[in-house]
>>> print(open('model-v7.cif').read())   # mmCIF, C-alpha atoms
data_run
loop_
_atom_site.label_atom_id
_atom_site.label_comp_id
_atom_site.auth_asym_id
_atom_site.auth_seq_id
_atom_site.Cartn_x
_atom_site.Cartn_y
_atom_site.Cartn_z
CA MET A 23 182.11 110.35 16.46
CA ILE A 24 183.06 113.72 15.02
CA THR A 25 183.78 117.18 16.42
CA VAL A 26 181.83 120.36 15.74
CA GLU A 27 184.44 121.44 13.20
CA ALA A 28 184.09 118.19 11.26
CA LEU A 29 180.33 118.53 11.51
CA PHE A 30 180.36 121.88 9.73
CA VAL A 31 182.45 120.38 6.96
CA GLU A 32 180.11 117.42 6.72
CA ILE A 33 176.87 119.36 6.67
CA HIS A 34 176.60 122.05 4.07
CA GLY A 35 174.83 125.24 5.14
CA LEU A 36 174.54 124.47 8.84
CA GLN A 37 174.53 127.67 10.90
CA ARG A 38 176.39 127.72 14.19
CA GLN A 39 173.72 129.61 16.11
CA ASP A 40 171.02 127.26 14.81
CA LEU A 41 172.98 124.25 16.00
CA GLU A 42 173.61 125.80 19.39
CA ARG A 43 169.92 126.56 19.81
CA TRP A 44 168.93 123.02 18.80
CA ILE A 45 171.36 121.56 21.29
CA GLY A 46 170.08 124.01 23.91
CA ASN A 47 166.54 122.79 23.24
CA ALA A 48 167.76 119.18 23.42
CA TRP A 49 166.54 118.53 19.89
CA VAL A 50 170.07 117.37 19.23
CA ARG A 51 171.92 115.63 22.04
CA PRO A 52 175.62 115.20 21.32
CA ASP A 53 178.10 113.70 23.76
CA GLY A 54 180.52 115.90 25.64
CA ASP A 55 180.18 119.41 27.01
CA PRO A 56 179.65 122.82 25.40
CA GLY A 57 182.75 123.65 23.41
CA HIS A 58 183.76 119.98 23.18
CA TYR A 59 180.75 118.28 21.65
CA LEU A 60 181.09 114.97 19.87
CA PHE A 61 178.48 113.94 17.35
CA ARG A 62 177.55 110.37 16.52
CA GLU A 63 176.20 109.33 13.14
CA ILE A 64 172.64 109.49 14.43
CA ASP A 65 173.23 113.07 15.62
CA VAL A 66 174.49 114.07 12.18
CA ALA A 67 171.49 112.42 10.54
CA ARG A 68 169.17 114.14 12.99
CA ILE A 69 170.66 117.55 12.23
CA ARG A 70 170.12 116.85 8.53
CA LEU A 71 166.56 115.85 9.32
CA ILE A 72 165.90 119.08 11.21
CA MET A 73 167.38 121.13 8.36
CA GLU A 74 165.22 119.29 5.85
CA LEU A 75 162.12 119.78 7.95
CA ARG A 76 162.83 123.49 8.16
CA GLU A 77 164.00 124.18 4.66
CA HIS A 78 162.13 121.75 2.46
CA LEU A 79 158.97 121.22 4.46
CA GLU A 80 158.93 124.80 5.77
CA ILE A 81 158.23 123.74 9.32
CA GLU A 82 158.86 126.71 11.58
CA GLU A 83 160.84 126.22 14.78
CA PRO A 84 157.88 126.59 17.17
CA ALA A 85 156.30 123.54 15.54
CA LEU A 86 159.50 121.50 15.55
CA PRO A 87 159.27 120.10 19.10
CA THR A 88 155.89 118.61 18.27
CA VAL A 89 157.11 117.15 15.00
CA LEU A 90 160.28 115.75 16.57
CA SER A 91 158.43 114.30 19.52
CA LEU A 92 155.98 112.55 17.18
CA LEU A 93 158.87 111.24 15.11
CA ASP A 94 160.67 110.06 18.23
CA GLN A 95 157.57 108.23 19.36
CA LEU A 96 157.14 106.65 15.96
CA TYR A 97 160.74 105.49 15.78
CA ASP A 98 160.55 104.25 19.34
CA LEU A 99 157.63 102.12 18.36
CA ARG A 100 159.31 100.87 15.20
CA ARG A 101 162.46 100.03 17.14
CA ARG A 102 160.41 98.09 19.64
CA LEU A 103 158.56 96.30 16.86
CA ARG A 104 161.88 95.25 15.43
CA GLY A 105 162.87 94.01 18.84
CA LEU A 106 159.61 92.13 19.07
CA ASN A 107 160.19 90.64 15.65
CA ALA A 108 163.65 89.49 16.65
CA ALA A 109 162.28 88.02 19.87
CA LEU A 110 159.56 86.17 17.98
CA GLU A 111 162.08 84.77 15.57
CA GLU A 112 164.19 83.45 18.41
CA THR A 113 161.48 82.04 20.61
CA VAL A 114 158.49 81.08 18.52
CA PRO A 115 158.49 77.80 16.56
CA ALA A 116 158.53 78.21 12.78
CA GLU A 117 155.09 76.75 12.42
CA ILE A 118 153.51 79.33 14.66
CA ARG A 119 155.45 82.11 13.00
CA GLU A 120 153.99 81.07 9.70
CA ARG A 121 150.51 81.10 11.14
CA LEU A 122 151.19 84.53 12.58
CA LEU A 123 152.35 85.83 9.22
CA GLU A 124 149.30 84.37 7.56
CA ARG A 125 147.03 85.98 10.07
CA LEU A 126 148.74 89.34 9.65
CA GLY A 127 148.68 89.09 5.87
CA GLY A 128 152.46 89.07 5.68
CA GLY A 129 152.62 92.46 7.28
CA LEU A 130 155.14 91.72 10.00
CA SER A 131 158.39 92.32 8.25
CA MET B 4 189.66 120.70 -7.42
CA ALA B 5 188.61 120.53 -3.84
CA GLU B 6 187.75 124.09 -2.97
CA ASP B 7 184.40 125.76 -2.56
CA PRO B 8 183.54 127.18 -6.00
CA TYR B 9 181.88 130.19 -4.37
CA LYS B 10 185.16 131.00 -2.67
CA ILE B 11 187.12 130.57 -5.87
CA LEU B 12 184.91 133.08 -7.63
CA GLY B 13 184.78 135.27 -4.54
CA VAL B 14 180.99 135.50 -4.48
CA ALA B 15 178.39 134.93 -1.79
CA LYS B 16 176.28 131.78 -1.71
CA GLU B 17 173.25 133.91 -2.56
CA ALA B 18 174.96 135.58 -5.50
CA SER B 19 172.79 136.07 -8.60
CA ALA B 20 173.65 134.48 -11.93
CA GLU B 21 174.70 137.93 -13.09
CA ASP B 22 177.10 138.35 -10.14
CA ILE B 23 178.65 134.99 -10.88
CA ARG B 24 179.06 135.81 -14.57
CA LYS B 25 180.74 139.12 -13.73
CA ALA B 26 183.04 137.58 -11.14
CA TYR B 27 184.01 134.84 -13.55
CA ARG B 28 184.78 137.25 -16.38
CA LYS B 29 186.93 139.40 -14.16
CA LEU B 30 188.95 136.46 -12.84
CA ALA B 31 189.17 134.75 -16.21
CA LYS B 32 190.63 137.90 -17.73
CA LYS B 33 193.12 138.23 -14.92
CA HIS B 34 194.37 134.64 -15.04
CA HIS B 35 193.95 133.87 -18.73
CA PRO B 36 196.99 131.80 -19.88
CA ASP B 37 197.42 133.93 -22.99
CA LEU B 38 197.81 136.99 -20.81
CA ASN B 39 200.15 135.21 -18.39
CA PRO B 40 202.40 133.12 -20.58
CA GLY B 41 204.54 130.67 -18.66
CA ASN B 42 202.85 131.49 -15.36
CA LYS B 43 201.97 128.09 -13.94
CA ALA B 44 200.06 129.48 -10.96
CA ALA B 45 197.85 131.62 -13.15
CA GLU B 46 197.11 128.64 -15.36
CA GLU B 47 196.01 126.57 -12.37
CA GLN B 48 193.95 129.46 -11.14
CA PHE B 49 192.33 129.84 -14.53
CA LYS B 50 191.40 126.17 -14.56
CA ALA B 51 189.91 126.43 -11.11
CA VAL B 52 187.93 129.53 -12.02
CA SER B 53 186.59 127.89 -15.19
CA ALA B 54 185.54 124.78 -13.32
CA ALA B 55 183.88 126.83 -10.63
CA ASN B 56 182.04 128.84 -13.26
CA GLU B 57 180.95 125.73 -15.09
CA LEU B 58 179.36 124.42 -11.92
CA LEU B 59 177.77 127.65 -10.72
CA SER B 60 176.57 129.01 -14.06
CA ASP B 61 174.47 125.90 -14.57
CA THR B 62 171.34 126.51 -12.48
CA GLU B 63 170.60 122.84 -12.07
CA LYS B 64 174.15 121.87 -11.14
CA ARG B 65 174.41 124.80 -8.78
CA ALA B 66 171.22 123.74 -6.97
CA ARG B 67 172.47 120.17 -6.68
CA TYR B 68 175.79 121.38 -5.33
CA ASP B 69 174.03 123.63 -2.80
CA HIS B 70 172.05 120.65 -1.59
CA GLY B 71 175.20 118.59 -1.28
CA GLU B 72 174.14 116.13 -3.97
CA ILE B 73 177.26 116.65 -6.02
CA ASP B 74 180.74 117.75 -4.98
CA GLU B 75 182.92 120.55 -6.35
CA SER B 76 184.02 118.47 -9.32
CA GLY B 77 180.42 117.69 -10.21
CA ALA B 78 180.71 114.06 -9.10
CA GLU B 79 177.72 112.46 -7.45
CA LYS B 80 177.99 112.20 -3.70
CA ALA B 81 176.61 109.15 -2.03
CA PRO B 82 173.43 110.40 -0.45
CA PRO B 83 173.85 110.41 3.33
CA ARG B 84 171.90 107.78 5.14
CA GLY B 85 168.54 109.05 6.27
CA TYR B 86 167.66 109.60 9.88
CA ARG B 87 165.41 106.58 9.83
CA HIS B 88 168.33 104.25 9.20
CA TYR B 89 169.72 105.18 12.61
CA ALA B 90 166.54 105.92 14.49
CA GLU B 91 165.05 102.49 13.94
CA GLY B 92 168.17 100.68 15.01
CA ALA B 93 169.92 100.53 18.35
CA PRO B 94 171.40 104.08 18.04
CA GLY B 95 167.84 105.42 18.07
CA GLN B 96 167.70 104.79 21.79
CA ARG B 97 169.56 108.10 22.09
CA TYR B 98 166.44 109.99 21.07
CA SER B 99 163.98 107.66 22.67
CA TYR B 100 160.79 109.55 23.39
CA SER B 101 160.52 108.36 26.95
CA SER B 102 164.14 109.11 27.83
CA GLY B 103 164.00 112.69 26.64
CA PRO B 104 164.54 115.73 28.80
CA GLU B 105 161.89 118.28 29.67
CA GLY B 106 159.39 118.85 26.94
CA PHE B 107 160.19 115.62 25.20
CA GLY B 108 158.05 113.32 27.22
CA GLY B 109 160.52 113.15 30.06
CA ALA B 110 160.56 115.40 33.06
CA ALA B 111 157.73 117.87 33.36
CA GLY B 112 155.74 116.05 30.73
CA PHE B 113 154.78 112.46 30.87
CA GLY B 114 156.74 109.61 29.48
CA GLY B 115 153.73 107.34 29.45
CA GLU B 116 155.90 104.44 28.61
CA GLU B 117 154.06 101.34 27.65
CA ASN B 118 156.31 98.38 27.25
CA PHE B 119 155.65 95.15 25.48
CA GLU B 120 155.01 93.38 28.70
CA ASP B 121 152.01 95.65 29.19
CA ILE B 122 150.82 95.26 25.61
CA PHE B 123 151.09 91.49 25.80
CA SER B 124 149.40 91.14 29.11
CA THR B 125 146.48 93.02 27.57
CA ILE B 126 146.52 90.87 24.46
CA PHE B 127 146.64 87.65 26.44
CA GLN B 128 143.92 88.84 28.75
CA ASN B 129 141.77 89.57 25.72
CA ARG B 130 142.37 86.07 24.43
CA ALA B 131 141.48 84.60 27.77
CA GLY B 132 137.81 85.02 27.13
CA GLY B 133 136.90 88.58 27.92
CA THR B 134 134.32 88.13 30.63
CA GLN B 135 136.87 87.76 33.37
CA ALA B 136 137.47 90.72 35.61
CA ALA B 137 140.93 92.13 35.05
CA ARG B 138 142.84 94.82 36.84
CA GLY B 139 143.76 97.81 34.71
CA ARG B 140 147.36 98.52 33.86
CA ASP B 141 149.55 100.80 35.90
CA ALA B 142 150.28 104.09 34.17
CA HIS B 143 153.78 105.55 34.41
CA TYR B 144 154.45 109.26 34.51
CA VAL B 145 157.39 111.49 35.19
CA LEU B 146 156.83 114.72 37.09
CA ALA B 147 159.33 117.52 37.59
CA ALA B 148 159.40 118.96 41.10
CA GLU B 149 161.10 122.10 42.37
CA PHE B 150 163.99 121.40 44.71
CA LEU B 151 162.34 123.14 47.67
CA ASP B 152 159.01 121.36 47.10
CA ALA B 153 160.87 118.07 47.25
CA ILE B 154 162.55 119.13 50.52
CA ASN B 155 159.60 120.76 52.31
CA GLY B 156 156.77 118.96 50.54
CA GLY B 157 154.42 120.53 48.04
CA ALA B 158 151.72 119.91 45.49
CA LYS B 159 151.94 119.72 41.75
CA ARG B 160 149.27 119.29 39.11
CA LEU B 161 149.76 116.69 36.43
CA THR B 162 147.56 116.79 33.34
CA LEU B 163 147.27 113.37 31.77
CA PRO B 164 147.13 112.72 28.02
CA ASP B 165 143.38 112.07 28.31
CA GLY B 166 142.76 115.46 29.93
CA GLN B 167 142.34 114.04 33.42
CA VAL B 168 144.03 116.14 36.09
CA LEU B 169 145.92 114.58 38.97
CA ASP B 170 146.88 116.65 41.99
CA VAL B 171 150.07 115.04 43.14
CA LYS B 172 151.16 115.61 46.71
CA ILE B 173 154.93 115.61 46.90
CA PRO B 174 155.93 114.46 50.39
CA ALA B 175 158.65 116.30 52.27
CA GLY B 176 162.06 114.72 51.75
CA THR B 177 161.27 113.29 48.31
CA GLU B 178 164.44 112.23 46.54
CA ASP B 179 165.17 112.41 42.85
CA GLY B 180 163.82 109.24 41.25
CA ASP B 181 161.35 108.42 44.03
CA THR B 182 158.13 106.99 42.68
CA LEU B 183 154.73 107.85 44.08
CA ARG B 184 151.83 105.48 43.69
CA LEU B 185 148.33 106.87 43.29
CA ARG B 186 146.03 103.93 43.76
CA GLY B 187 143.32 103.46 41.19
CA ARG B 188 144.45 106.35 38.98
CA GLY B 189 145.90 104.14 36.24
CA THR B 190 144.05 102.47 33.39
CA PRO B 191 140.51 101.37 34.28
CA GLY B 192 139.97 97.66 34.84
CA ARG B 193 137.84 95.52 32.58
CA ASN B 194 134.67 93.70 33.55
CA ASN B 195 134.50 95.40 36.92
CA GLY B 196 138.14 94.70 37.67
CA PRO B 197 139.97 97.30 39.74
CA ALA B 198 141.77 100.15 38.01
CA GLY B 199 145.56 100.12 37.86
CA ASP B 200 147.69 102.61 39.73
CA ALA B 201 149.38 105.76 38.53
CA LEU B 202 153.13 105.50 39.18
CA ILE B 203 154.69 108.92 39.20
CA GLU B 204 158.43 109.22 39.14
CA ILE B 205 159.59 112.48 40.66
CA LYS B 206 162.42 114.25 38.93
CA VAL B 207 163.85 116.82 41.31
CA MET B 208 165.14 119.92 39.57
CA PRO B 209 168.49 121.29 40.73
CA HIS B 210 168.51 124.35 42.98
CA LYS B 211 170.43 127.58 42.40
CA PHE B 212 172.64 127.08 45.46
CA TYR B 213 171.42 124.20 47.62
CA LYS B 214 172.84 120.73 47.03
CA ARG B 215 171.29 117.69 48.59
CA ASP B 216 173.54 115.10 50.18
CA GLY B 217 171.32 112.34 51.59
CA GLN B 218 169.42 113.97 54.45
CA ASP B 219 171.87 116.87 54.61
CA ILE B 220 171.90 119.97 52.48
CA ARG B 221 175.01 121.91 51.59
CA PHE B 222 175.57 125.36 50.19
CA GLU B 223 178.03 128.22 50.10
CA LEU B 224 177.31 131.41 52.01
CA PRO B 225 179.07 134.56 50.80
CA VAL B 226 180.40 136.69 53.70
CA SER B 227 182.15 140.03 53.71
CA VAL B 228 185.76 140.49 54.81
CA GLN B 229 184.61 142.17 58.04
CA GLU B 230 182.22 139.34 58.87
CA ALA B 231 184.95 136.77 58.28
CA VAL B 232 187.65 138.57 60.29
CA LEU B 233 185.62 140.16 63.07
CA GLY B 234 182.81 137.61 63.29
CA GLY B 235 179.18 138.55 63.66
CA LYS B 236 175.61 137.56 63.18
CA VAL B 237 174.45 136.86 59.66
CA THR B 238 171.11 135.83 58.23
CA VAL B 239 171.22 132.44 56.57
CA PRO B 240 168.54 131.39 54.08
CA THR B 241 167.62 127.81 54.98
CA PRO B 242 165.15 125.72 52.96
CA ALA B 243 162.59 126.29 55.73
CA GLY B 244 163.20 130.05 56.02
CA ALA B 245 165.83 132.51 57.22
CA VAL B 246 167.67 131.91 60.51
CA ALA B 247 170.35 133.92 62.29
CA MET B 248 173.79 132.36 62.59
CA THR B 249 176.87 133.56 64.46
CA ILE B 250 180.18 133.58 62.62
CA LYS B 251 183.18 133.31 64.90
CA PRO B 252 185.97 135.86 64.49
CA HIS B 253 188.81 134.68 62.20
CA SER B 254 186.61 132.42 60.07
CA ASP B 255 188.28 131.82 56.73
CA SER B 256 186.85 131.04 53.31
CA GLY B 257 186.02 127.33 53.17
CA VAL B 258 185.11 127.00 56.85
CA GLU B 259 182.02 124.85 57.13
CA LEU B 260 179.39 125.50 59.79
CA ARG B 261 176.62 123.11 60.68
CA LEU B 262 173.05 124.07 61.43
CA ARG B 263 171.74 120.99 63.14
CA GLY B 264 168.35 119.76 61.97
CA ARG B 265 168.04 122.45 59.28
CA GLY B 266 168.57 120.04 56.37
CA VAL B 267 165.89 117.73 54.97
CA PRO B 268 163.07 117.57 57.54
CA ALA B 269 162.40 114.30 59.40
CA GLN B 270 160.04 111.81 57.72
CA GLY B 271 158.83 108.72 59.52
CA SER B 272 161.84 106.96 60.94
CA ARG B 273 164.36 109.16 59.14
CA ALA B 274 165.78 111.89 61.32
CA ALA B 275 166.09 115.41 60.01
CA GLY B 276 169.37 116.16 58.28
CA ASP B 277 171.73 119.07 58.87
CA LEU B 278 172.44 122.16 56.84
CA TYR B 279 176.14 122.66 56.07
CA VAL B 280 177.06 126.24 55.38
CA LYS B 281 180.44 126.76 53.75
CA LEU B 282 181.75 130.30 54.05
CA ARG B 283 183.03 132.06 50.98
CA VAL B 284 184.73 135.39 51.64
CA VAL B 285 183.78 138.03 49.10
CA ILE B 286 185.86 141.18 48.98
CA GLY B 287 183.21 143.30 47.29
CA PRO B 288 183.80 146.86 46.11
CA VAL B 289 187.24 148.17 47.13
CA ASP B 290 187.70 151.80 48.12
CA VAL B 291 190.79 153.94 48.51
CA LYS B 292 190.87 153.52 52.28
CA LEU B 293 191.08 149.74 52.03
CA GLU B 294 193.86 150.00 49.46
CA GLU B 295 195.77 152.40 51.68
CA PHE B 296 195.33 150.21 54.70
CA LEU B 297 196.57 147.11 52.90
CA ARG B 298 199.54 148.93 51.47
CA GLU B 299 200.57 150.06 54.96
CA TRP B 300 199.71 146.78 56.64
CA LYS B 301 202.63 144.61 57.76
CA PRO B 302 201.32 141.24 58.96
CA GLU B 303 202.90 140.03 62.21
CA THR B 304 203.34 136.55 60.83
CA ALA B 305 204.38 136.08 57.25
CA PHE B 306 201.79 134.09 55.36
CA ASP B 307 201.93 132.37 51.99
CA PRO B 308 198.46 131.11 50.97
CA ARG B 309 200.04 128.90 48.29
CA ARG B 310 202.51 127.13 50.54
CA GLU B 311 200.75 123.78 50.17
CA MET B 312 200.97 123.94 46.39
CA GLU B 313 204.73 124.04 46.37
CA GLY B 314 206.39 121.19 44.55
CA ASP B 315 203.14 120.15 42.93
CA SER B 316 203.69 122.01 39.71
CA LYS B 317 206.52 122.69 37.34
CA GLY B 318 208.51 125.90 37.36
#
>>> encode(input="model-v7.cif", output="structure tokens")
Amino acid sequence: MITVEALFVEIHGLQRQDLERWIGNAWVRPDGDPGHYLFREIDVARIRLIMELREHLEIEEPALPTVLSLLDQLYDLRRRLRGLNAALEETVPAEIRERLLERLGGGLS
Amino acid sequence: MAEDPYKILGVAKEASAEDIRKAYRKLAKKHHPDLNPGNKAAEEQFKAVSAANELLSDTEKRARYDHGEIDESGAEKAPPRGYRHYAEGAPGQRYSYSSGPEGFGGAAGFGGEENFEDIFSTIFQNRAGGTQAARGRDAHYVLAAEFLDAINGGAKRLTLPDGQVLDVKIPAGTEDGDTLRLRGRGTPGRNNGPAGDALIEIKVMPHKFYKRDGQDIRFELPVSVQEAVLGGKVTVPTPAGAVAMTIKPHSDSGVELRLRGRGVPAQGSRAAGDLYVKLRVVIGPVDVKLEEFLREWKPETAFDPRREMEGDSKG
């Protein structure tokens, strides 16, 4: 986990008032309280993502909540699928797993 | 070299190529080793300026540096791991759609969370033949309620993802996290099976000054110096409306008064709670007369408001 100061060193071009607004909107959710935030790796990656969405994909802030919420849903689903995959690997006999893979056309990876 | 090349040249990040060229020339002249023979600092400075210029005068390198792809010395930086790397793994739970705050599928919206259990029960029911009647799934929603609606009861409209509108009656005394069940308002059943239920978790929003404590409610009531010293009748805003309350003379800041039965109203077997009013003396605007009075005033008994703090701190 890193502090705000380290964050600004780590991420080139990040504006303080942008970050504060994103945290205020809960688009970024660091640990700790205002003035003493701590950012995990996923927070840093998310800030980069938001900057890329804004700068490279020219997504304006009013559209960001929709985009982020869709992304969050997508990643939720993918995380659950991974969990499902792990559960299948642990509980389902190899033979059935093979049949599953066959049926899915090798798509469950 | 480890310093920002823009800083070394003393130009803004948005500086034009021309600005950079000018700044470089100026600094290069100033620190050129031939003009500063034997001056070690100038030589270092000249090297730094040249390196900075080399990076920034090359449009492509400058763009890559601005994007953080290369560092000040022009060396490739390992590209940071993408968001996906984290979001798909366990850390992604942090930004889970259904755990988000208002506006992110949590409170006030709907975190229509469908877990694998639900998905599988559907899959297995499908396998089971398909003509059997099956009850629809329960649908889960989260609804934000105002503090006072949760205390006194109220109604709130919930628009579902499919456009359906549910009028949710919030019963008096609803606590944060309570779940309401609306029978038959979940997913429709199959083959004439009954529909599932809508399960609505109520998220109670905090209030400006009331705090709930079980069936009781607590808050601070500001009172003037006169009211605190001389006593008197004051109007107290309670969740059910204003009531008059008598303050005894010589009531200090921090004194707590109880208004019996004015807390969370009774529901079923639960008795009504009490409203605890904690006085907070507010001096308010001070005029000359008050200053004069206090200057002249000699208390009969000496009083040190910090007596109890003695010995608890250094110095």
>>> interface_residues(input="model-v7.cif", of="chain A", to="chain B", cutoff="10 Å", atoms="all atoms listed in the file", output="number ranges by chain")
A: 32-35, 47-52, 62-72, 87-88, 90-106
>>> closest_residue(input="model-v7.cif", among="B:Gly189, B:Gly196, B:Pro8, B:Pro164", to="Ala54 (chain B)", atoms="all atoms listed in the file")
B:Pro8
>>> atom_distance(input="model-v7.cif", atom1="CA of Gly266 (chain B)", atom2="CA of Gln218 (chain B)")
6.4 Å
>>> atom_distance(input="model-v7.cif", atom1="CA of Arg65 (chain B)", atom2="CA of Met73 (chain A)")
18.9 Å
>>> atom_distance(input="model-v7.cif", atom1="CA of Gly180 (chain B)", atom2="CA of Ala153 (chain B)")
11.1 Å
>>> resolve_selection(input="model-v7.cif", expression="the PyMOL selection byres ((chain B and resi 172) around 12)", output="PDB file with C-alpha atoms, in the coordinates of the input")
ATOM      1  CA  LEU B 146     156.830 114.720  37.090  1.00  0.00           C
ATOM      2  CA  ALA B 148     159.400 118.960  41.100  1.00  0.00           C
ATOM      3  CA  ASP B 152     159.010 121.360  47.100  1.00  0.00           C
ATOM      4  CA  ALA B 153     160.870 118.070  47.250  1.00  0.00           C
ATOM      5  CA  ASN B 155     159.600 120.760  52.310  1.00  0.00           C
ATOM      6  CA  GLY B 156     156.770 118.960  50.540  1.00  0.00           C
ATOM      7  CA  GLY B 157     154.420 120.530  48.040  1.00  0.00           C
ATOM      8  CA  ALA B 158     151.720 119.910  45.490  1.00  0.00           C
ATOM      9  CA  LYS B 159     151.940 119.720  41.750  1.00  0.00           C
ATOM     10  CA  ARG B 160     149.270 119.290  39.110  1.00  0.00           C
ATOM     11  CA  LEU B 161     149.760 116.690  36.430  1.00  0.00           C
ATOM     12  CA  LEU B 169     145.920 114.580  38.970  1.00  0.00           C
ATOM     13  CA  ASP B 170     146.880 116.650  41.990  1.00  0.00           C
ATOM     14  CA  VAL B 171     150.070 115.040  43.140  1.00  0.00           C
ATOM     15  CA  ILE B 173     154.930 115.610  46.900  1.00  0.00           C
ATOM     16  CA  PRO B 174     155.930 114.460  50.390  1.00  0.00           C
ATOM     17  CA  ALA B 175     158.650 116.300  52.270  1.00  0.00           C
ATOM     18  CA  THR B 177     161.270 113.290  48.310  1.00  0.00           C
ATOM     19  CA  THR B 182     158.130 106.990  42.680  1.00  0.00           C
ATOM     20  CA  LEU B 183     154.730 107.850  44.080  1.00  0.00           C
ATOM     21  CA  ARG B 184     151.830 105.480  43.690  1.00  0.00           C
ATOM     22  CA  LEU B 185     148.330 106.870  43.290  1.00  0.00           C
ATOM     23  CA  ILE B 203     154.690 108.920  39.200  1.00  0.00           C
ATOM     24  CA  ILE B 205     159.590 112.480  40.660  1.00  0.00           C
TER      25      ILE B 205
END
>>> closest_residue(input="model-v7.cif", among="B:Asn42, B:Asn194, B:Thr249, B:Ser227", to="Gly287 (chain B)", atoms="all atoms listed in the file")
B:Ser227
>>> residues_around(input="model-v7.cif", residues="Pro252 (chain B)", least_positions_apart="4", cutoff="12 Å", atoms="only C-alpha atoms", output="ChimeraX atom specification")
/B:228-236,258
>>> residues_around(input="model-v7.cif", residues="Gly54 (chain A)", least_positions_apart="2", cutoff="12 Å", atoms="all atoms listed in the file", output="list of chain:residue names")
A:Met23, A:Ile24, A:Thr25, A:Val26, A:Ile45, A:Arg51, A:Pro52, A:Pro56, A:Gly57, A:His58, A:Tyr59, A:Leu60, A:Phe61, A:Arg62
>>> resolve_selection(input="model-v7.cif", expression="the PyMOL selection byres ((chain B and resi 212) around 9)", output="JSON, numbers by chain")
{"B": [209, 210, 211, 213, 214, 221, 222, 223]}
>>> axis_aligned_box(input="model-v7.cif", around="region 236-252 of chain B", padding_each_side="5 Å", output="lines of an AutoDock Vina configuration file")
center_x = 174.3
center_y = 131.6
center_z = 58.9
size_x = 33.4
size_y = 21.8
size_z = 21.9
>>> resolve_selection(input="model-v7.cif", expression="the PyMOL selection byres ((chain B and resi 242) around 8)", output="PyMOL selection string")
chain B and resi 151+154-155+240-241+243-244+265-266
